[in-house]
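This is run.json (JSON, C-alpha atoms).
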```json
[["chain", "number", "residue", "atom", "x", "y", "z"],
["E", 1, "MET", "CA", 194.80, 87.20, 83.90],
["E", 2, "ASN", "CA", 191.23, 87.23, 82.55],
["E", 3, "CYS", "CA", 188.90, 90.23, 82.54],
["E", 4, "GLU", "CA", 186.79, 88.95, 85.46],
["E", 5, "ILE", "CA", 189.79, 88.90, 87.78],
["E", 6, "ALA", "CA", 190.94, 92.22, 86.38],
["E", 7, "HIS", "CA", 187.56, 93.84, 87.21],
["E", 8, "GLU", "CA", 187.91, 92.74, 90.84],
["E", 9, "ARG", "CA", 191.46, 94.02, 91.08],
["E", 10, "ILE", "CA", 190.56, 97.35, 89.48],
["E", 11, "VAL", "CA", 188.27, 98.10, 92.42],
["E", 12, "SER", "CA", 190.86, 96.92, 94.98],
["E", 13, "ALA", "CA", 193.59, 98.98, 93.31],
["E", 14, "ALA", "CA", 191.44, 102.12, 93.37],
["E", 15, "TYR", "CA", 191.36, 101.91, 97.17],
["E", 16, "GLY", "CA", 195.00, 100.93, 97.66],
["E", 17, "GLU", "CA", 194.33, 97.30, 98.63],
["E", 18, "LEU", "CA", 196.59, 95.54, 96.10],
["E", 19, "SER", "CA", 200.22, 94.52, 96.47],
["E", 20, "ASP", "CA", 202.82, 95.95, 94.08],
["E", 21, "GLU", "CA", 203.06, 92.60, 92.25],
["E", 22, "GLN", "CA", 199.29, 92.44, 91.69],
["E", 23, "ILE", "CA", 199.27, 96.07, 90.50],
["E", 24, "HIS", "CA", 202.00, 95.28, 87.94],
["E", 25, "GLU", "CA", 200.01, 92.24, 86.70],
["E", 26, "LEU", "CA", 196.90, 94.40, 86.37],
["E", 27, "GLU", "CA", 198.81, 97.10, 84.46],
["E", 28, "ARG", "CA", 200.18, 94.49, 82.05],
["E", 29, "HIS", "CA", 196.67, 93.14, 81.44],
["E", 30, "MET", "CA", 195.20, 96.59, 80.82],
["E", 31, "THR", "CA", 197.97, 97.39, 78.32],
["E", 32, "GLY", "CA", 196.41, 94.83, 75.96],
["E", 33, "CYS", "CA", 192.77, 95.17, 77.07],
["E", 34, "PRO", "CA", 191.10, 98.49, 76.17],
["E", 35, "GLU", "CA", 187.88, 97.43, 77.93],
["E", 36, "CYS", "CA", 189.51, 96.96, 81.34],
["E", 37, "HIS", "CA", 191.58, 100.10, 80.88],
["E", 38, "SER", "CA", 188.43, 102.11, 80.13],
["E", 39, "GLU", "CA", 186.66, 100.63, 83.16],
["E", 40, "ARG", "CA", 189.59, 101.61, 85.42],
["E", 41, "GLU", "CA", 189.50, 105.18, 84.10],
["E", 42, "GLU", "CA", 185.73, 105.45, 84.64],
["E", 43, "LEU", "CA", 186.01, 104.09, 88.19],
["E", 44, "LEU", "CA", 188.76, 106.56, 89.09],
["E", 45, "ALA", "CA", 186.76, 109.46, 87.65],
["E", 46, "LEU", "CA", 183.68, 108.37, 89.65],
["E", 47, "LYS", "CA", 185.78, 108.02, 92.81],
["E", 48, "LEU", "CA", 187.21, 111.49, 92.28],
["E", 49, "LEU", "CA", 183.78, 113.06, 91.86],
["E", 50, "ALA", "CA", 182.56, 111.33, 95.02],
["E", 51, "ALA", "CA", 185.61, 112.53, 96.92],
["E", 52, "ALA", "CA", 184.89, 116.13, 95.91],
["E", 53, "HIS", "CA", 182.47, 116.23, 98.83],
["E", 54, "PRO", "CA", 184.68, 115.15, 101.77],
["E", 55, "MET", "CA", 183.15, 113.59, 104.87],
["E", 56, "VAL", "CA", 183.06, 115.99, 107.82],
["E", 57, "GLU", "CA", 184.78, 114.45, 110.83],
["E", 58, "PRO", "CA", 183.79, 115.34, 114.40],
["E", 59, "PRO", "CA", 186.13, 117.74, 116.22],
["E", 60, "ALA", "CA", 188.81, 116.08, 118.33],
["E", 61, "ASN", "CA", 187.59, 117.89, 121.45],
["E", 62, "LEU", "CA", 184.08, 116.48, 120.98],
["E", 63, "VAL", "CA", 185.44, 112.93, 120.66],
["E", 64, "ALA", "CA", 187.57, 113.35, 123.79],
["E", 65, "ARG", "CA", 184.66, 114.77, 125.81],
["E", 66, "SER", "CA", 182.36, 111.97, 124.65],
["E", 67, "ARG", "CA", 184.86, 109.30, 125.65],
["E", 68, "GLN", "CA", 185.32, 110.91, 129.04],
["E", 69, "ARG", "CA", 181.56, 111.08, 129.66],
["E", 70, "LEU", "CA", 181.20, 107.42, 128.65],
["E", 71, "GLU", "CA", 183.91, 106.40, 131.10],
["E", 72, "GLU", "CA", 182.26, 108.43, 133.87],
["E", 73, "ALA", "CA", 178.88, 106.83, 133.12],
["E", 74, "LEU", "CA", 180.41, 103.34, 133.24],
["E", 75, "ASP", "CA", 182.12, 104.15, 136.54],
["E", 76, "ALA", "CA", 178.78, 105.32, 137.96],
["E", 77, "LEU", "CA", 177.02, 101.99, 137.27],
["E", 78, "PRO", "CA", 176.25, 100.16, 140.53],
["E", 79, "PRO", "CA", 178.18, 96.90, 141.06],
["E", 80, "LYS", "CA", 176.27, 93.67, 140.63],
["E", 81, "ARG", "CA", 175.17, 91.74, 143.73],
["E", 82, "TRP", "CA", 176.89, 88.42, 144.31],
["E", 83, "TYR", "CA", 173.87, 86.33, 143.34],
["E", 84, "GLU", "CA", 173.37, 88.33, 140.11],
["E", 85, "TRP", "CA", 177.01, 87.84, 139.22],
["E", 86, "LEU", "CA", 176.83, 84.11, 140.05],
["E", 87, "GLY", "CA", 173.60, 83.68, 138.07],
["E", 88, "GLN", "CA", 175.10, 85.36, 135.00],
["E", 89, "ARG", "CA", 178.14, 83.11, 135.14],
["E", 90, "MET", "CA", 175.95, 80.00, 135.40],
["E", 91, "ILE", "CA", 173.80, 81.15, 132.44],
["E", 92, "ASN", "CA", 176.92, 81.68, 130.36],
["E", 93, "ASN", "CA", 178.20, 78.23, 131.30],
["E", 94, "PHE", "CA", 174.86, 76.59, 130.38],
["E", 95, "ALA", "CA", 174.79, 78.41, 127.04],
["E", 96, "SER", "CA", 178.23, 77.12, 126.10],
["E", 97, "LEU", "CA", 177.20, 73.51, 126.88],
["E", 98, "GLN", "CA", 174.01, 73.25, 124.84],
["E", 99, "ALA", "CA", 175.54, 70.97, 122.22],
["E", 100, "ALA", "CA", 177.50, 68.71, 124.63],
["E", 101, "PRO", "CA", 176.47, 65.18, 125.72],
["E", 102, "VAL", "CA", 174.56, 64.86, 129.00],
["E", 103, "ALA", "CA", 177.37, 63.26, 131.00],
["E", 104, "ALA", "CA", 179.90, 65.83, 129.86],
["E", 105, "CYS", "CA", 177.42, 68.61, 130.67],
["E", 106, "LEU", "CA", 177.01, 67.38, 134.25],
["E", 107, "LEU", "CA", 180.75, 67.13, 134.80],
["E", 108, "LEU", "CA", 181.41, 70.53, 133.30],
["E", 109, "ILE", "CA", 178.54, 72.15, 135.21],
["E", 110, "ALA", "CA", 179.87, 70.77, 138.49],
["E", 111, "GLY", "CA", 183.36, 71.99, 137.70],
["E", 112, "ALA", "CA", 182.12, 75.36, 136.50],
["E", 113, "GLY", "CA", 180.05, 75.80, 139.67],
["E", 114, "ALA", "CA", 182.98, 74.98, 141.91],
["E", 115, "GLY", "CA", 185.26, 77.25, 139.92],
["E", 116, "THR", "CA", 182.72, 80.05, 139.97],
["E", 117, "LEU", "CA", 182.22, 79.87, 143.73],
["E", 118, "GLY", "CA", 185.97, 79.68, 144.30],
["E", 119, "GLY", "CA", 186.58, 82.58, 141.93],
["E", 120, "TYR", "CA", 183.88, 84.65, 143.58],
["E", 121, "GLU", "CA", 185.32, 84.03, 147.04],
["E", 122, "PHE", "CA", 188.79, 84.96, 145.80],
["E", 123, "ALA", "CA", 187.43, 88.11, 144.17],
["E", 124, "GLN", "CA", 185.60, 89.09, 147.35],
["E", 125, "ASN", "CA", 188.75, 88.65, 149.44],
["E", 126, "ARG", "CA", 190.77, 90.62, 146.95],
["E", 127, "ALA", "CA", 188.20, 93.41, 146.89],
["E", 128, "ALA", "CA", 188.21, 93.54, 150.68],
["E", 129, "ARG", "CA", 192.01, 93.86, 150.73],
["E", 130, "ALA", "CA", 191.87, 96.57, 148.06],
["E", 131, "ALA", "CA", 189.24, 98.50, 150.02],
["E", 132, "SER", "CA", 191.40, 98.30, 153.15],
["E", 133, "ALA", "CA", 194.37, 99.61, 151.20],
["E", 134, "VAL", "CA", 192.32, 102.50, 149.81],
["E", 135, "THR", "CA", 191.05, 103.36, 153.30],
["E", 136, "ALA", "CA", 194.60, 103.37, 154.64],
["E", 137, "GLU", "CA", 195.81, 105.55, 151.78],
["E", 138, "SER", "CA", 192.93, 107.98, 152.20],
["E", 139, "LYS", "CA", 194.17, 108.77, 155.69],
["E", 140, "VAL", "CA", 197.44, 110.05, 154.25],
["E", 141, "GLU", "CA", 197.17, 113.66, 153.24],
["E", 142, "THR", "CA", 198.07, 114.32, 149.62],
["E", 143, "PRO", "CA", 198.77, 117.78, 148.21],
["E", 144, "THR", "CA", 196.02, 119.28, 146.07],
["E", 145, "PRO", "CA", 197.25, 119.84, 142.50],
["E", 146, "ALA", "CA", 197.23, 123.26, 140.92],
["E", 147, "PRO", "CA", 194.11, 124.10, 138.86],
["E", 148, "THR", "CA", 196.17, 124.06, 135.66],
["E", 149, "GLU", "CA", 197.00, 120.39, 136.31],
["E", 150, "ILE", "CA", 193.34, 119.35, 136.57],
["E", 151, "ALA", "CA", 191.62, 118.29, 133.33],
["E", 152, "SER", "CA", 188.09, 117.92, 134.74],
["E", 153, "ILE", "CA", 186.03, 117.12, 137.85],
["E", 154, "SER", "CA", 184.31, 113.71, 137.47],
["E", 155, "SER", "CA", 182.19, 113.64, 140.66],
["E", 156, "ILE", "CA", 181.60, 115.30, 144.05],
["E", 157, "VAL", "CA", 180.25, 113.28, 147.01],
["E", 158, "ARG", "CA", 179.52, 114.54, 150.51],
["E", 159, "GLN", "CA", 179.66, 111.93, 153.24],
["E", 160, "PRO", "CA", 176.40, 111.67, 155.25],
["E", 161, "ASN", "CA", 176.23, 113.71, 158.48],
["E", 162, "SER", "CA", 179.70, 115.07, 157.87],
["E", 163, "ASP", "CA", 181.56, 118.06, 156.46],
["E", 164, "VAL", "CA", 183.86, 115.74, 154.52],
["E", 165, "VAL", "CA", 183.56, 116.05, 150.75],
["E", 166, "GLU", "CA", 185.14, 113.72, 148.21],
["E", 167, "VAL", "CA", 186.11, 115.37, 144.92],
["E", 168, "HIS", "CA", 187.13, 113.01, 142.11],
["E", 169, "TYR", "CA", 189.11, 114.68, 139.35],
["E", 170, "ASN", "CA", 191.09, 113.79, 136.23],
["E", 171, "GLN", "CA", 194.61, 115.15, 136.26],
["E", 172, "VAL", "CA", 196.70, 116.33, 133.34],
["E", 173, "VAL", "CA", 200.28, 115.12, 133.72],
["E", 174, "PRO", "CA", 202.74, 116.57, 131.16],
["E", 175, "ARG", "CA", 205.22, 114.11, 129.67],
["E", 176, "GLN", "CA", 208.01, 114.33, 127.14],
["E", 177, "VAL", "CA", 209.91, 111.86, 125.00],
["E", 178, "GLU", "CA", 212.99, 112.17, 122.83],
["E", 179, "GLY", "CA", 214.02, 110.20, 119.77],
["E", 180, "SER", "CA", 214.63, 110.28, 116.04],
["E", 181, "ILE", "CA", 211.75, 110.65, 113.59],
["E", 182, "ASP", "CA", 212.36, 107.03, 112.54],
["E", 183, "ASP", "CA", 211.32, 105.95, 116.05],
["E", 184, "PRO", "CA", 207.71, 104.59, 115.86],
["E", 185, "ALA", "CA", 206.85, 106.30, 119.17],
["E", 186, "ILE", "CA", 207.96, 109.69, 117.80],
["E", 187, "SER", "CA", 206.19, 109.25, 114.45],
["E", 188, "ASP", "CA", 202.98, 108.19, 116.23],
["E", 189, "LEU", "CA", 203.10, 111.33, 118.37],
["E", 190, "LEU", "CA", 203.72, 113.49, 115.29],
["E", 191, "MET", "CA", 200.68, 111.97, 113.55],
["E", 192, "LEU", "CA", 198.58, 112.48, 116.68],
["E", 193, "ALA", "CA", 199.68, 116.12, 116.91],
["E", 194, "SER", "CA", 198.84, 116.73, 113.24],
["E", 195, "GLU", "CA", 195.23, 115.67, 113.79],
["E", 196, "ASN", "CA", 194.33, 116.49, 117.39],
["E", 197, "SER", "CA", 196.38, 119.48, 118.51],
["E", 198, "PRO", "CA", 194.30, 122.67, 118.89],
["E", 199, "SER", "CA", 197.46, 124.73, 118.27],
["E", 200, "PRO", "CA", 198.17, 125.62, 114.60],
["E", 201, "ASP", "CA", 201.86, 126.01, 115.47],
["E", 202, "VAL", "CA", 202.07, 122.45, 116.82],
["E", 203, "ARG", "CA", 200.26, 121.08, 113.76],
["E", 204, "ASP", "CA", 202.54, 123.11, 111.50],
["E", 205, "ASP", "CA", 205.65, 121.73, 113.22],
["E", 206, "SER", "CA", 204.45, 118.12, 113.07],
["E", 207, "ILE", "CA", 203.35, 118.32, 109.41],
["E", 208, "GLY", "CA", 206.58, 120.12, 108.50],
["E", 209, "LEU", "CA", 208.72, 117.36, 110.02],
["E", 210, "MET", "CA", 206.70, 114.58, 108.38],
["E", 211, "ALA", "CA", 206.69, 116.35, 105.00],
["E", 212, "ALA", "CA", 210.48, 116.70, 105.14],
["E", 213, "GLU", "CA", 210.77, 112.96, 105.83],
["E", 214, "CYS", "CA", 208.56, 112.19, 102.84],
["E", 215, "ARG", "CA", 210.50, 114.47, 100.51],
["E", 216, "ALA", "CA", 213.68, 112.74, 101.66],
["E", 217, "GLY", "CA", 212.11, 109.32, 101.07],
["E", 218, "HIS", "CA", 212.34, 108.22, 104.70],
["E", 219, "GLY", "CA", 209.59, 106.24, 106.43],
["E", 220, "CYS", "CA", 206.69, 107.74, 104.46],
["E", 221, "LYS", "CA", 204.56, 104.59, 104.31],
["E", 222, "ALA", "CA", 201.08, 104.72, 102.83],
["E", 223, "ALA", "CA", 199.38, 103.56, 106.05],
["E", 224, "GLY", "CA", 201.13, 106.06, 108.29],
["E", 225, "ILE", "CA", 202.73, 109.44, 107.70],
["E", 226, "ARG", "CA", 201.41, 109.63, 104.15],
["E", 227, "ASP", "CA", 197.85, 109.17, 105.40],
["E", 228, "ALA", "CA", 198.38, 111.86, 108.03],
["E", 229, "LEU", "CA", 199.54, 114.30, 105.34],
["E", 230, "MET", "CA", 196.46, 113.55, 103.21],
["E", 231, "VAL", "CA", 194.17, 114.17, 106.20],
["E", 232, "ALA", "CA", 195.90, 117.49, 106.88],
["E", 233, "LEU", "CA", 195.68, 118.52, 103.20],
["E", 234, "ARG", "CA", 191.95, 117.79, 103.14],
["E", 235, "TYR", "CA", 190.77, 119.07, 106.51],
["E", 236, "ASP", "CA", 193.25, 121.33, 108.30],
["E", 237, "LYS", "CA", 191.99, 124.92, 108.60],
["E", 238, "ASN", "CA", 195.47, 126.46, 108.51],
["E", 239, "GLU", "CA", 196.75, 127.30, 105.00],
["E", 240, "GLY", "CA", 200.40, 126.87, 106.00],
["E", 241, "VAL", "CA", 199.75, 123.38, 107.35],
["E", 242, "ARG", "CA", 197.90, 122.35, 104.15],
["E", 243, "GLU", "CA", 200.69, 123.76, 101.98],
["E", 244, "LYS", "CA", 203.38, 121.78, 103.84],
["E", 245, "ALA", "CA", 201.27, 118.63, 103.60],
["E", 246, "LEU", "CA", 200.96, 119.12, 99.84],
["E", 247, "GLN", "CA", 204.73, 119.52, 99.51],
["E", 248, "GLY", "CA", 205.29, 116.31, 101.43],
["E", 249, "LEU", "CA", 202.93, 114.37, 99.16],
["E", 250, "GLU", "CA", 204.54, 115.58, 95.92],
["E", 251, "PRO", "CA", 206.99, 112.62, 95.51],
["E", 252, "TYR", "CA", 204.10, 110.12, 95.61],
["E", 253, "VAL", "CA", 201.53, 111.73, 93.32],
["E", 254, "ALA", "CA", 202.59, 109.61, 90.32],
["E", 255, "GLN", "CA", 202.74, 106.24, 92.07],
["E", 256, "ASP", "CA", 199.94, 106.44, 94.67],
["E", 257, "VAL", "CA", 196.40, 106.90, 93.32],
["E", 258, "ARG", "CA", 195.10, 107.95, 96.75],
["E", 259, "VAL", "CA", 197.66, 110.75, 96.93],
["E", 260, "ARG", "CA", 196.71, 111.83, 93.40],
["E", 261, "ASP", "CA", 193.03, 111.98, 94.41],
["E", 262, "ALA", "CA", 193.87, 114.05, 97.50],
["E", 263, "VAL", "CA", 195.84, 116.54, 95.37],
["E", 264, "LEU", "CA", 192.96, 116.72, 92.85],
["E", 265, "GLU", "CA", 190.55, 117.45, 95.70],
["E", 266, "ALA", "CA", 192.85, 120.27, 96.84],
["E", 267, "LEU", "CA", 192.81, 121.68, 93.31],
["E", 268, "LEU", "CA", 189.01, 121.60, 93.23],
["E", 269, "ASN", "CA", 188.13, 122.60, 96.79],
["E", 270, "ASP", "CA", 190.93, 124.42, 98.58],
["E", 271, "ALA", "CA", 190.19, 128.03, 99.46],
["E", 272, "ASP", "CA", 193.80, 129.22, 99.00],
["E", 273, "PRO", "CA", 194.79, 129.99, 95.36],
["E", 274, "ARG", "CA", 198.46, 129.34, 96.19],
["E", 275, "ILE", "CA", 197.70, 125.78, 97.22],
["E", 276, "ARG", "CA", 195.52, 125.22, 94.16],
["E", 277, "THR", "CA", 198.29, 126.52, 91.87],
["E", 278, "ALA", "CA", 200.86, 124.31, 93.59],
["E", 279, "ALA", "CA", 198.51, 121.33, 93.15],
["E", 280, "ILE", "CA", 198.33, 121.98, 89.39],
["E", 281, "ASN", "CA", 202.13, 122.08, 89.13],
["E", 282, "ILE", "CA", 202.43, 118.87, 91.14],
["E", 283, "LEU", "CA", 199.91, 117.12, 88.87],
["E", 284, "GLU", "CA", 201.64, 118.12, 85.64],
["E", 285, "PRO", "CA", 203.88, 114.99, 85.46],
["E", 286, "VAL", "CA", 200.77, 112.77, 85.49],
["E", 287, "GLU", "CA", 198.57, 114.79, 83.11],
["E", 288, "ALA", "CA", 198.14, 111.66, 80.97],
["E", 289, "ASP", "CA", 195.85, 110.22, 83.66],
["E", 290, "ALA", "CA", 192.20, 110.54, 82.62],
["E", 291, "SER", "CA", 191.08, 111.88, 86.00],
["E", 292, "VAL", "CA", 193.80, 114.54, 85.97],
["E", 293, "ARG", "CA", 192.96, 115.60, 82.41],
["E", 294, "GLN", "CA", 189.26, 115.80, 83.23],
["E", 295, "VAL", "CA", 189.83, 118.01, 86.26],
["E", 296, "LEU", "CA", 192.34, 120.24, 84.46],
["E", 297, "HIS", "CA", 189.91, 120.74, 81.54],
["E", 298, "SER", "CA", 187.08, 121.56, 83.94],
["E", 299, "VAL", "CA", 189.19, 124.06, 85.89],
["E", 300, "ALA", "CA", 190.67, 125.63, 82.74],
["E", 301, "ASN", "CA", 187.21, 126.27, 81.28],
["E", 302, "SER", "CA", 185.04, 127.19, 84.24],
["E", 303, "ASP", "CA", 187.02, 128.08, 87.37],
["E", 304, "HIS", "CA", 186.12, 131.43, 88.93],
["E", 305, "ASN", "CA", 189.79, 132.32, 89.49],
["E", 306, "PRO", "CA", 191.48, 133.62, 86.29],
["E", 307, "GLN", "CA", 194.96, 132.71, 87.56],
["E", 308, "ILE", "CA", 193.91, 129.10, 88.12],
["E", 309, "ARG", "CA", 192.35, 128.97, 84.65],
["E", 310, "THR", "CA", 195.57, 130.30, 83.11],
["E", 311, "VAL", "CA", 197.86, 127.86, 84.91],
["E", 312, "SER", "CA", 195.62, 124.93, 83.99],
["E", 313, "ARG", "CA", 195.63, 125.93, 80.30],
["E", 314, "GLN", "CA", 199.41, 126.24, 80.35],
["E", 315, "VAL", "CA", 199.76, 122.71, 81.68],
["E", 316, "LEU", "CA", 197.31, 121.35, 79.12],
["E", 317, "SER", "CA", 199.09, 123.18, 76.28],
["E", 318, "ARG", "CA", 202.31, 121.32, 77.12],
["E", 319, "VAL", "CA", 200.65, 117.94, 76.51],
["E", 320, "SER", "CA", 201.52, 116.82, 72.98],
["E", 321, "GLU", "CA", 198.34, 114.84, 72.35],
["E", 322, "ILE", "CA", 195.28, 114.57, 74.63],
["E", 323, "GLN", "CA", 193.10, 111.64, 73.71]]
```
Starting from the file, lay out its structure as structure tokens.
Amino acid sequence: MNCEIAHERIVSAAYGELSDEQIHELERHMTGCPECHSEREELLALKLLAAAHPMVEPPANLVARSRQRLEEALDALPPKRWYEWLGQRMINNFASLQAAPVAACLLLIAGAGAGTLGGYEFAQNRAARAASAVTAESKVETPTPAPTEIASISSIVRQPNSDVVEVHYNQVVPRQVEGSIDDPAISDLLMLASENSPSPDVRDDSIGLMAAECRAGHGCKAAGIRDALMVALRYDKNEGVREKALQGLEPYVAQDVRVRDAVLEALLNDADPRIRTAAINILEPVEADASVRQVLHSVANSDHNPQIRTVSRQVLSRVSEIQ
């Protein structure tokens, strides 16, 4: 491997986009190339400093409300008239035939026109049957759900010259599923709960289960549960949830650079001294990494918390030679 290829792979490796085989090749190259090794260390230090100011994500409730309003706005759009719909289809057909020979264009236009008219007639008949079915169903009285089962009211329409009012609402329907944590459906729900649940207890339970799986070495893939733990460590407002996420990431701090960066961010930014102390202890096995040494030196010399300064100095004192 030459240095040009190594420079490209250094960037990819910093963001977790290299396979294990390519990472091993890069490590072998950097063992005999001080220049590439120095560049990798500088890039990781720069990435760490940039990550010290995490991006603020919008609240889950805001995203859900925005999606719901978008769906309601799309539902409120008036349907196109038949000639508008037909004209749009013809325009699309003409656009796709611009590069075709004249004879082929004429044949395709004729076929497209016939197909469009036939499709429109079929759609109209289907819509008429659907409207008849809706009218028939509307005559059947359905029980009104309890207020606790209603998520929101989407629209209210009063029929002209009548006391009849149509209320369109979105209903919350509770569901449950059972399965082992290895089940993809269960793990997906756990990851969803760790990010979107407004309840700290639910987030604590989901992170606790995923952290236990990671400590046991079961199904803790980088693009899955491990990512969910890093998100919780960075952004969750509950100290207990962040602490469990940190414990779950501990087995991967030496082998996964992204996990190492997340733990370093916790050491620099977390508001709980217990979590910061735990982060220092987790980082001790990889104190030879330049980014880790740089952060530990900075914390040991200038952190406002004397306990954090002391623990950082103790870790640094156990390193035989810091270059």
query = From the set E:Glu213, E:Glu42, E:Asp272, E:Asp256, which residue has the shortest atom-to-atom contact distance to Glu243 (chain E), counting only C-alpha atoms?
reply =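 Residue with the minimum atom-to-atom distance to Glu243 (chain E): E:Asp272.
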query = Quick one: residues within 10 Å of Val263 (chain E), all atoms listed in the file counted, chain neighbours fewer than 4 positions away excluded, as a ChimeraX atom specification?
reply = /E:230,233-234,246,249-250,253,257-259,267-270,275-276,278-280,282-283,292
message = Env of Leu316 (chain E): 8 Å cut, atoms = all atoms listed in the file, seq-sep filter 4 positions within chain, self excluded. Answer as a ChimeraX atom specification.
response = /E:287,293,296-297,312
query = Any idea what's packed within 8 Å of region 183-191 of chain E, counting only C-alpha atoms, ignoring anything in its chain fewer than 4 positions away? Could you give it as a count of residues only?
reply = 10
request  = Using CA of Leu192 (chain E) and CA of Ala262 (chain E) as the two end points, give the distance in Å to one decimal.
outcome  =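 Those two atoms sit 19.8 Å apart.
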task = Please write as a list of chain:residue names the list of polymer residues whose atoms come within 10 Å of (210.3, 116.2, 100.3), counting all atoms listed in the file and keeping to the coordinates of the file.
result =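 The distance filter leaves exactly E:Gly208, E:Leu209, E:Met210, E:Ala211, E:Ala212, E:Glu213, E:Cys214, E:Arg215, E:Ala216, E:Gly217, E:His218, E:Lys244, E:Ala245, E:Leu246, E:Gln247, E:Gly248, E:Leu249, E:Glu250, E:Pro251, E:Tyr252.
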remark   = Atom pair CA of Asn196 (chain E) + CA of Tyr235 (chain E), distance 11.7 Å
ask   = If you measure from CA of Ser38 (chain E) to CA of Asn301 (chain E), what distance in Å do you get, rounded to one decimal?
value =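 Straight-line distance from CA of Ser38 (chain E) to CA of Asn301 (chain E) works out to 24.2 Å.
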